[in-house]
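Participant: Before anything else, here's the structure in question.
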Amino acid sequence: MTSRVPALLIHGGAGADPASGREELRLGIRDAVAAGWAVLREEGGAVAAVEAAVRAMEDDPRFNAGRGSVLTADGTVEMDASIMEGDALRNGAVACVTAMRHPVTLARLIMEEGRHSLFVGEGAMARARALGLPECDPEELVTDARRQQLESVIGNTGGNPGGNTGGGTVGAVALDRRGLVAAATSTGGIAGKLPGRVGDTPLIGCGTYAESTAGGVSCTGDGEAIIRVVLARRTIEILKAAGDPMHACRIAVDVLVEEGGGGGGLICIDWRGRLGWAHSTLLMPVGFMTPGHDAPALTF
């Protein structure tokens, strides 16, 4: 049986606002790392670890996922999420989900059911009901900060359209002791988006990808640009050639900017448990944990 040193790496979004309280973002990142690491520490698998880390950020209104998601032009929440395990390349994803506190958990249940990979809109909500996931009042997901952000976007008042709203799309990648690599990503999308718009997050190979013989990736940023260059899978190919996850991430961001014509960032873990991240934006909160650390390490 393969025995590896476990590792966990998470991000809080390349859309994070540098003007927001960094200490509050640090608290959220620490909590998410702690949630994911608790799973790995107790010999849990990488899939459960990335789900736990992402769920913690979906519960945290400081991030653009779950409660605290950005609002559509109609003032509603429509969320996307995906998860993938790198042994059998199984994956699950949802798009335009409403009334769901933890879209990443729905994505995992879809992956484990195994028949289909991606459900959208009412079809996704029907699968949630069939799989026993409780719905929530959609208003529980909406925060005052996001309402103010939408007013700023609609009013075209200039400046940072994100306002003082905290972090962005969230994601996690992990390696467990068995050598399994997993990745997960969750988002509310972009503020003021047209209802029904879907970005890169639920598209396997674009926003999320995992391959245990190579590594795992979670992306954040300009979804349309990420889709154009199929960034997550592209990063895995770069990783195979470059051999170093940090270097691979830097190249991937260059690809996103130069070929995709957009900005963003990503995190990556390779099959050895080595970590990498890069971003073209002013801020992308990152946190990680390995057996050599007594507490979550933060990079912002």
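Quick note on naming: the chains in the structure tokens go A, B, ... in the order shown, residues restart at 1 in each chain, and ligands are numbered from 1 in order of appearance.
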Which residues come within 9 Å of range 14-25 of chain A, counting only C-alpha atoms, excluding same-chain residues fewer than 5 positions away, as number ranges by chain?
Facilitator: A: 30, 62-64, 160, 162-170, 219-222, 263-266, 279-285, 300
Participant: Give me the residues within 10 Å of Pro138 in chain A as number ranges by chain, counting only C-alpha atoms and dropping any in the same chain fewer than 6 places off.
Facilitator: A: 67, 76-78, 98-101
Participant: Can you spit out the residues from that selection as a short mmCIF file (atom, residue, chain, number, x, y, z; two decimals), in the first residue's frame, using N, CA and C atoms?
Facilitator:
```cif
data_model
loop_
_atom_site.label_atom_id
_atom_site.label_comp_id
_atom_site.auth_asym_id
_atom_site.auth_seq_id
_atom_site.Cartn_x
_atom_site.Cartn_y
_atom_site.Cartn_z
N ARG A 67 -22.99 30.68 1.85
CA ARG A 67 -23.47 31.92 2.45
C ARG A 67 -22.42 33.02 2.24
N THR A 76 -30.28 37.48 -6.80
CA THR A 76 -30.36 36.12 -6.29
C THR A 76 -28.98 35.47 -6.22
N VAL A 77 -28.91 34.35 -5.52
CA VAL A 77 -27.67 33.58 -5.42
C VAL A 77 -27.76 32.37 -6.35
N GLU A 78 -26.75 32.19 -7.21
CA GLU A 78 -26.61 30.99 -8.04
C GLU A 78 -25.18 30.49 -7.91
N THR A 98 -29.33 26.89 -6.11
CA THR A 98 -29.90 27.80 -5.13
C THR A 98 -30.32 27.01 -3.90
N ALA A 99 -30.60 27.70 -2.81
CA ALA A 99 -31.18 27.07 -1.61
C ALA A 99 -30.34 25.91 -1.11
N MET A 100 -29.00 26.03 -1.16
CA MET A 100 -28.11 24.95 -0.75
C MET A 100 -26.93 25.54 0.01
N ARG A 101 -26.78 25.17 1.27
CA ARG A 101 -25.69 25.73 2.07
C ARG A 101 -24.33 25.21 1.63
#
```
Participant: I need the helix (DSSP H, G or I) residues of range 188-274 of chain A per DSSP on the backbone, written as a ChimeraX atom specification.
Facilitator: /A:223-229,231-242,245-258
Participant: Keeping only N, CA, C and O atoms, take the residues you just selected and write them out as a CSV table (one decimal), in the first residue's frame.
Facilitator:
```csv
chain,number,residue,atom,x,y,z
A,223,GLY,N,-13.6,33.6,-14.9
A,223,GLY,CA,-14.1,32.3,-15.4
A,223,GLY,C,-14.0,32.1,-16.9
A,223,GLY,O,-13.6,31.0,-17.4
A,224,GLU,N,-14.4,33.1,-17.6
A,224,GLU,CA,-14.4,32.9,-19.1
A,224,GLU,C,-13.0,32.7,-19.6
A,224,GLU,O,-12.8,31.9,-20.5
A,225,ALA,N,-12.0,33.4,-19.0
A,225,ALA,CA,-10.6,33.3,-19.4
A,225,ALA,C,-10.1,31.9,-19.1
A,225,ALA,O,-9.4,31.3,-19.8
A,226,ILE,N,-10.5,31.4,-17.9
A,226,ILE,CA,-10.0,30.1,-17.4
A,226,ILE,C,-10.6,29.0,-18.3
A,226,ILE,O,-9.9,28.1,-18.7
A,227,ILE,N,-11.8,29.2,-18.7
A,227,ILE,CA,-12.4,28.2,-19.6
A,227,ILE,C,-11.7,28.2,-21.0
A,227,ILE,O,-11.4,27.1,-21.5
A,228,ARG,N,-11.3,29.4,-21.5
A,228,ARG,CA,-10.7,29.5,-22.8
A,228,ARG,C,-9.4,28.6,-22.8
A,228,ARG,O,-9.0,28.1,-23.9
A,229,VAL,N,-8.6,28.6,-21.7
A,229,VAL,CA,-7.3,27.9,-21.7
A,229,VAL,C,-7.4,26.6,-21.0
A,229,VAL,O,-6.4,25.9,-20.8
A,231,LEU,N,-7.7,25.8,-17.8
A,231,LEU,CA,-6.5,26.0,-17.0
A,231,LEU,C,-6.1,24.9,-16.1
A,231,LEU,O,-4.9,24.6,-15.9
A,232,ALA,N,-7.1,24.3,-15.4
A,232,ALA,CA,-6.7,23.2,-14.4
A,232,ALA,C,-6.0,22.1,-15.1
A,232,ALA,O,-4.9,21.6,-14.6
A,233,ARG,N,-6.6,21.5,-16.1
A,233,ARG,CA,-5.9,20.4,-16.9
A,233,ARG,C,-4.6,20.9,-17.5
A,233,ARG,O,-3.6,20.1,-17.5
A,234,ARG,N,-4.6,22.1,-18.0
A,234,ARG,CA,-3.4,22.7,-18.6
A,234,ARG,C,-2.3,22.7,-17.6
A,234,ARG,O,-1.1,22.4,-17.9
A,235,THR,N,-2.6,23.1,-16.4
A,235,THR,CA,-1.6,23.2,-15.3
A,235,THR,C,-1.0,21.8,-15.0
A,235,THR,O,0.2,21.7,-14.8
A,236,ILE,N,-1.9,20.7,-15.0
A,236,ILE,CA,-1.3,19.4,-14.8
A,236,ILE,C,-0.3,19.0,-15.9
A,236,ILE,O,0.7,18.4,-15.6
A,237,GLU,N,-0.6,19.4,-17.1
A,237,GLU,CA,0.3,19.1,-18.2
A,237,GLU,C,1.6,19.9,-18.0
A,237,GLU,O,2.7,19.3,-18.3
A,238,ILE,N,1.5,21.1,-17.6
A,238,ILE,CA,2.7,21.9,-17.3
A,238,ILE,C,3.5,21.3,-16.2
A,238,ILE,O,4.7,21.2,-16.2
A,239,LEU,N,2.8,20.8,-15.2
A,239,LEU,CA,3.4,20.2,-14.0
A,239,LEU,C,4.2,19.0,-14.4
A,239,LEU,O,5.3,18.8,-14.0
A,240,LYS,N,3.6,18.2,-15.3
A,240,LYS,CA,4.3,17.0,-15.7
A,240,LYS,C,5.6,17.3,-16.5
A,240,LYS,O,6.6,16.6,-16.3
A,241,ALA,N,5.6,18.4,-17.2
A,241,ALA,CA,6.8,18.8,-17.9
A,241,ALA,C,7.8,19.6,-17.0
A,241,ALA,O,9.0,19.4,-17.1
A,242,ALA,N,7.3,20.4,-16.2
A,242,ALA,CA,8.2,21.3,-15.3
A,242,ALA,C,8.7,20.6,-14.1
A,242,ALA,O,9.8,20.9,-13.6
A,245,PRO,N,5.6,22.1,-8.7
A,245,PRO,CA,4.3,22.8,-8.7
A,245,PRO,C,4.3,24.3,-8.6
A,245,PRO,O,3.4,24.9,-9.2
A,246,MET,N,5.2,24.9,-7.9
A,246,MET,CA,5.3,26.3,-7.8
A,246,MET,C,5.6,26.9,-9.2
A,246,MET,O,5.0,27.9,-9.7
A,247,HIS,N,6.6,26.3,-9.9
A,247,HIS,CA,6.9,26.8,-11.2
A,247,HIS,C,5.8,26.6,-12.2
A,247,HIS,O,5.5,27.4,-13.0
A,248,ALA,N,5.1,25.4,-12.1
A,248,ALA,CA,4.0,25.2,-13.0
A,248,ALA,C,2.9,26.2,-12.8
A,248,ALA,O,2.3,26.6,-13.8
A,249,CYS,N,2.6,26.6,-11.5
A,249,CYS,CA,1.6,27.6,-11.3
A,249,CYS,C,1.9,28.9,-11.9
A,249,CYS,O,1.0,29.6,-12.5
A,250,ARG,N,3.1,29.3,-11.8
A,250,ARG,CA,3.5,30.6,-12.4
A,250,ARG,C,3.4,30.6,-13.9
A,250,ARG,O,2.9,31.6,-14.5
A,251,ILE,N,3.8,29.5,-14.5
A,251,ILE,CA,3.6,29.4,-16.0
A,251,ILE,C,2.1,29.4,-16.3
A,251,ILE,O,1.7,30.1,-17.3
A,252,ALA,N,1.3,28.7,-15.5
A,252,ALA,CA,-0.1,28.6,-15.8
A,252,ALA,C,-0.8,30.0,-15.7
A,252,ALA,O,-1.7,30.3,-16.5
A,253,VAL,N,-0.4,30.8,-14.8
A,253,VAL,CA,-0.9,32.2,-14.7
A,253,VAL,C,-0.5,33.0,-15.9
A,253,VAL,O,-1.3,33.8,-16.4
A,254,ASP,N,0.7,32.8,-16.4
A,254,ASP,CA,1.1,33.5,-17.6
A,254,ASP,C,0.2,33.1,-18.7
A,254,ASP,O,-0.2,33.9,-19.6
A,255,VAL,N,-0.1,31.8,-18.8
A,255,VAL,CA,-1.0,31.3,-19.9
A,255,VAL,C,-2.4,31.9,-19.8
A,255,VAL,O,-3.0,32.4,-20.8
A,256,LEU,N,-2.9,32.0,-18.5
A,256,LEU,CA,-4.2,32.6,-18.3
A,256,LEU,C,-4.2,34.1,-18.8
A,256,LEU,O,-5.2,34.5,-19.4
A,257,VAL,N,-3.2,34.8,-18.4
A,257,VAL,CA,-3.1,36.2,-18.8
A,257,VAL,C,-2.9,36.5,-20.3
A,257,VAL,O,-3.6,37.2,-20.9
A,258,GLU,N,-1.9,35.8,-20.8
A,258,GLU,CA,-1.5,36.0,-22.2
A,258,GLU,C,-2.4,35.3,-23.2
A,258,GLU,O,-2.7,35.9,-24.3
```
Participant: I need the residue nearest Val97 in chain A from this list: A:Pro202, A:Ile10, A:Leu27, A:Ala52. Use only C-alpha atoms for the distance.
Facilitator: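 Ranked by minimum distance to Val97 in chain A, first place goes to A:Pro202.
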Participant: Could you check the closest approach to Ser82 in chain A for each of A:His102, A:Arg147, A:Arg108, A:Arg129 and tell me which residue wins, using only C-alpha atoms?
Facilitator: A:Arg108
Participant: Go through range 113-286 of chain A and collect every residue that DSSP, computed from the backbone, puts in strand (DSSP E or B); the answer should be as a ChimeraX atom specification.
Facilitator: /A:118-120,170-175,181-187,204,208-211,215-221,264-270,275-279,286
Participant: Given only C-alpha atoms as the basis, pick out the residue of A:Gly123, A:Gly68, A:Gly196, A:Gly179 nearest to Arg4 in chain A.
Facilitator: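 Checking each candidate against Arg4 in chain A, we get A:Gly179 as the closest.
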Participant: Rank nothing, just name the residue among A:Ala183, A:Leu118, A:Cys96, A:Val5 nearest to Met84 in chain A, using only C-alpha atoms.
Facilitator: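 When distances to Met84 in chain A are compared using only C-alpha atoms, the smallest one comes from A:Ala183.
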